[in-house]
Each structure stands twice: as C-alpha cells, then as structure tokens.
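*Asks:* Would you mind keeping the following structure in view while I ask a few things?
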Amino acid sequence: MKKFQDYIVENGKVYQTQEEFLHRFENFKSALERVEKKNIAANGKTTYALNKFSDLSTEEFRKYYLLPNPIPGDHKVAGIEVLKPTVTAVPTSLDWRAKGAVTAIKNQEQCGSCWAFSATEAIESAWILAGKSKNSTLNLAPQQIVDCDNYDGGCNGGETGTAYDYVISAGGLEGEVSYPYQGQDGTCEFSASEVVAKISSWNYATEWFSETTLQQNLVSWGPLSICVDASNWQDYASGVMTWEQCAFINLLDHCVQLVGYATDPTDGPYWIVRNSWGTSWGVDGFIYLEMWADTCGIAHQATWPKL
C-alpha cells in the first residue's frame, strides 16, 4: 500500500471515491507484477517501469490512448504514390531532433487523437525543413483536425492520410495559440485567417513493408508520420524494444512520428520514435524500436506531407 500511496503523490493522482481507489490499487498491483515479469524477460535490453499509466488496466490503457478501430497493416489508399528517395547511401545514424526539425513533445491525453497528432507533427517538420519556421516557435493545432475533419472520428480515431486531406481542403492548420488542444471532441471553430501552415499533397514513405525504403525516405525528406501497434507500450521506460516484445498482429492502433535511427553497441540498430503521451513517458517522450524486424509494424503505414 505504501508504494501505491507514493505513486499517487508522485503522479498527482486524485480518486473521487473509495471504489475508484480500490480499483486503481488492483490495477497498480497488476502493473507491478507485469513490469517485473517484462524486465526479467527483457534481460536488460529493454527497461519497463511504473508510470502514469500504471493505475490503468491494459484494457483501459488501450481504450483511452490507442485507436478504437485499428488500421489494417496492409491498408493503402489507391492513387497515392510512394515517395522516391533522393538518396540511397544513408549515414550510419540520423537524428532529426539535432537538425532542428522536430517540435516539442505533445500530450494527446485520454483521447484517441494520435492520428491527428502524427499528421500535425509531420506537417510541422515539413514546414520547418522548408524554411518556413523554427522548431522552437512552431506549434500547430491537432485540435483543429480533431474537431473539423468530418471524415475521421476525432477522439474515436482516424487516419493520417485523411487528416492530410482535411488540412488540404481547409486551406491549412492554425497554431496551438489560436486553436488550443482540449483532449476531447469539440465543435469546429476553424478560422482561415489564423492559418499558420499549409500542405498541397501527401505520399506514402514505404512500399510493402520495406524498412530500407523507409530509412532512405527518412534521410531524404525528414521526420515521417508512422502508425504502429503500441498495445505493449504501456510500461515502456527505456532501451530498445524488440519485435518479440511487440504484439504486432497486422493491426496498427497508434500513430506517431519517426525522427531518426542509431546503433547501440550492445543492442544493435534501432529506430527513434516520438510519441504523444508527454515527456514523463518513455525516454523523455520517445521510444526506441529494433530495426530490420518490422518491430510493431513500423514499416506498414508511413507518410510524408508535401508543401
């Protein structure tokens, strides 16, 4: 009980009733056991730990933070072409954060809006790389997509491709200042006069699950939007998650941003992936995924918006 009480204080948790307190306590005990088992199985390659999600059951975690309707791994929109890499010889490592092309970590909260965040983050990176803004000052509004994209489902999920289509049809995205994030569905209040960034089209960034094409396009164009299976990400803390640790079964339930890759002397090459669960999760908001194993379905749904 002392561990749970400390957890409540450290994470600023507030439970309204005794019934809720006991329910969260049971989830916490399950998380303790689950984390211990995962760490033993990982043998130091990946670290799992308690975090702000540890008072949720695995079912609640998936309900509140992942897509209610996962995207089939082989889903493709007819007529959308795959980007052609401008380079085939790639560096041994790449981190677009170091090049100023990645904005600050965001937090989608308890809303299945990751698809809108992923599209927004990709547009931010494209806008920065085009010399239109700096990463320290650019902060676009995923809430606009959540509220105004009538094709997708807001907090009930959607896809990055149709998010781009909405942004194109609307004439662009407002900034966070004029259209702040609410963490829930709202009424569309888009103002064309407040548009900060625009795109004209979008492309896929990989073909038939090719990590080679994914890597080449990441180097060629910039940080990419990707959709993955994140159902086993609840307890991730650090290290490289392997394909065996990911539950990928050809369904993608979370959209994020691929920002680079590197090699660990012990664990080998890994992808650097930006999440939208705040900086308190993972490695300051990021997760590392094993390369060349299609870990979590990383090479299935990758896209890039064009200005």
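Numbering starts fresh at 1 for the residues of each chain in the structure tokens, the chains themselves are lettered A, B, ... in the order given, and ligands are numbered from 1 as they appear.
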Pick out the residues sitting within 12 Å of Gly131 (chain A), and hand them over as a list in words; count only C-alpha atoms, and ignore anything fewer than 4 positions along from it in its own chain.

*Replies:*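 Here the answer would be Gly100, Ala101, Glu124, Ser125, Ala126, Trp127, Asn135, Leu138, Ala197 and Leu307 of chain A.
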
*Asks:* Could the residues in this selection be saved with C-alpha atoms as a PDB file, in the first residue's frame?

*Replies:*
```
ATOM      1  CA  GLY A 100      16.034  21.316 -35.504  1.00  0.00           C
ATOM      2  CA  ALA A 101      13.293  19.577 -37.480  1.00  0.00           C
ATOM      3  CA  GLU A 124       5.394  20.863 -38.534  1.00  0.00           C
ATOM      4  CA  SER A 125       8.586  19.082 -39.593  1.00  0.00           C
ATOM      5  CA  ALA A 126       7.895  19.650 -43.295  1.00  0.00           C
ATOM      6  CA  TRP A 127       7.215  23.334 -42.640  1.00  0.00           C
ATOM      7  CA  ASN A 135      11.097  24.250 -34.185  1.00  0.00           C
ATOM      8  CA  LEU A 138       6.156  26.373 -34.382  1.00  0.00           C
ATOM      9  CA  ALA A 197       0.994  26.224 -42.224  1.00  0.00           C
ATOM     10  CA  LEU A 307       4.126  21.670 -49.235  1.00  0.00           C
TER      11      LEU A 307
END
```

*Asks:* When you look at Gly260 (chain A) with a cut-off of 9 Å (counting only C-alpha atoms), what residues show up, excluding the ones that are within fewer than 5 positions of it in the same chain? I need them as a VMD selection string.

*Replies:* chain A and resid 93 to 97 215 218 to 219 222 to 223 270 to 273

*Asks:* Show which residues sit within 8 Å of Ala119 (chain A), as a ChimeraX atom specification. Count only C-alpha atoms, and ignore same-chain residues fewer than 5 positions away.

*Replies:* /A:160-161,163-164,225

*Asks:* Within 10 Å of region 248-257 of chain A, counting only C-alpha atoms, which residues show up once you throw out same-chain ones fewer than 4 positions away? Write them as a CSV table (one decimal) with C-alpha atoms, in the first residue's frame, please.

*Replies:*
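Okay, this is what ended up in out-v5.csv:
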```csv
chain,number,residue,atom,x,y,z
A,62,ARG,CA,-5.9,0.7,-24.9
A,65,TYR,CA,-4.8,6.1,-25.5
A,66,LEU,CA,-4.9,3.9,-28.6
A,67,LEU,CA,-7.1,3.9,-31.7
A,68,PRO,CA,-10.5,2.3,-31.0
A,69,ASN,CA,-10.5,1.0,-34.6
A,70,PRO,CA,-7.0,-0.2,-35.6
A,71,ILE,CA,-5.8,0.3,-39.1
A,72,PRO,CA,-5.1,-2.9,-41.1
A,73,GLY,CA,-1.3,-3.1,-41.7
A,74,ASP,CA,-1.8,-3.6,-45.5
A,75,HIS,CA,-4.2,-0.7,-45.9
A,102,VAL,CA,11.3,18.1,-34.6
A,112,GLY,CA,-7.8,8.6,-29.4
A,113,SER,CA,-6.4,11.5,-31.4
A,114,CYS,CA,-2.9,10.2,-32.1
A,115,TRP,CA,-3.6,10.2,-35.8
A,116,ALA,CA,-4.3,13.9,-35.7
A,117,PHE,CA,-1.1,14.5,-33.7
A,118,SER,CA,1.0,12.4,-36.0
A,119,ALA,CA,-0.2,14.3,-39.1
A,120,THR,CA,0.3,17.6,-37.3
A,121,GLU,CA,3.8,16.7,-36.2
A,122,ALA,CA,4.7,15.7,-39.8
A,125,SER,CA,8.6,19.1,-39.6
A,157,GLY,CA,-9.8,7.6,-34.1
A,158,GLY,CA,-8.9,8.2,-37.7
A,159,GLU,CA,-6.0,8.0,-40.2
A,160,THR,CA,-3.2,10.4,-41.1
A,223,PRO,CA,10.7,13.0,-39.9
A,224,LEU,CA,7.8,10.7,-41.1
A,225,SER,CA,4.4,10.0,-39.8
A,226,ILE,CA,4.0,6.3,-38.9
A,227,CYS,CA,1.3,4.1,-37.5
A,228,VAL,CA,2.2,1.1,-35.3
A,229,ASP,CA,1.0,-1.5,-32.9
A,230,ALA,CA,1.5,0.2,-29.5
A,231,SER,CA,-0.6,-2.2,-27.4
A,232,ASN,CA,2.5,-3.3,-25.5
A,243,TRP,CA,10.0,-7.4,-32.3
A,244,GLU,CA,9.4,-10.2,-29.8
A,272,ILE,CA,13.9,6.7,-32.7
A,273,VAL,CA,10.2,7.3,-32.4
A,274,ARG,CA,8.4,10.3,-31.0
A,275,ASN,CA,5.2,9.6,-29.0
A,276,SER,CA,2.4,11.9,-28.0
A,286,PHE,CA,10.4,8.8,-27.1
A,294,ASP,CA,9.4,-4.5,-38.7
A,295,THR,CA,9.0,-4.0,-35.0
A,296,CYS,CA,5.4,-3.1,-34.1
A,297,GLY,CA,4.7,-2.9,-37.8
A,298,ILE,CA,6.8,0.3,-38.2
A,300,HIS,CA,3.5,-0.5,-42.8
A,301,GLN,CA,1.9,2.9,-42.6
A,302,ALA,CA,4.5,5.7,-43.1
A,303,THR,CA,3.6,9.0,-44.8
```

*Asks:* Can you list every residue in region 2-248 of chain A that DSSP puts in strand (DSSP E), as a ChimeraX atom specification?

*Replies:* /A:46-48,71-72,94-95,173-174,195-197,201-204,224-228,236-241

*Asks:* Give me the residues near Pro180 (chain A) as number ranges by chain, where near means some atom within 9 Å (using only C-alpha atoms) and where sequence neighbours in that chain fewer than 6 positions away do not count.

*Replies:* A: 141-144

*Asks:* So that I have them on file, write out the residues from the current selection with C-alpha atoms, as a PDB file, in the first residue's frame.

*Replies:*
```pdb
ATOM      1  CA  ALA A 141      -3.146  22.688 -33.696  1.00  0.00           C
ATOM      2  CA  PRO A 142      -4.157  19.000 -33.738  1.00  0.00           C
ATOM      3  CA  GLN A 143      -7.442  20.057 -32.109  1.00  0.00           C
ATOM      4  CA  GLN A 144      -8.469  21.670 -35.391  1.00  0.00           C
TER       5      GLN A 144
END
```

*Asks:* A:Ala205, A:Leu56, A:Ala262, A:Ile40: which is nearest Phe21 (chain A), counting only C-alpha atoms?

*Replies:*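 Nearest candidate to Phe21 (chain A) out of A:Ala205, A:Leu56, A:Ala262, A:Ile40: A:Leu56.
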
*Asks:* To one decimal place in Å, what is the distance between CA of Val82 (chain A) and CA of Leu289 (chain A)?

*Replies:*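 Distance reported for this atom pair: 22.9 Å.
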
*Asks:* Here is a test: counting only C-alpha atoms, which residue of A:Gly268, A:Gly183, A:Pro91, A:Gly278 is nearest to Cys155 (chain A)?

*Replies:*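 Closest to Cys155 (chain A), using only C-alpha atoms: A:Gly183.
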
*Asks:* Select, from A:Gln18, A:Ser133, A:Ser280, A:Ser200, the residue with the minimum atom-to-atom distance to Asn107 (chain A), counting only C-alpha atoms.

*Replies:*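 So, comparing all the options, the nearest one is A:Ser280.
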
*Asks:* Find, counting only C-alpha atoms, the residue in A:Glu211, A:Asp185, A:Glu290, A:Glu174 that gets nearest to Asp152 (chain A).

*Replies:*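 Of the candidates, the smallest distance to Asp152 (chain A) is held by A:Asp185.
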
*Asks:* Using CA of Met291 (chain A) and CA of Cys246 (chain A) as the two end points, give the distance in Å to one decimal.

*Replies:*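 Going from CA of Met291 (chain A) over to CA of Cys246 (chain A) covers 12.7 Å.
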
*Asks:* Tell me, as a count of residues only, which residues lie within 10 Å of region 3-8 of chain A, counting only C-alpha atoms; anything in the same chain fewer than 3 positions away does not count.

*Replies:* 16

*Asks:* Give me, as a PyMOL selection string, the residues of region 43-276 of chain A that a backbone DSSP run labels helix (DSSP H, G or I).

*Replies:* chain A and resi 58-65+114-129+142-148+154-156+160-170+192-194+211-221+243-245

*Asks:* Grab the CA of Glu176 (chain A) to CA of Leu129 (chain A) distance for me, in Å with one decimal place.

*Replies:*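 Here the two named atoms are 19.5 Å from each other.
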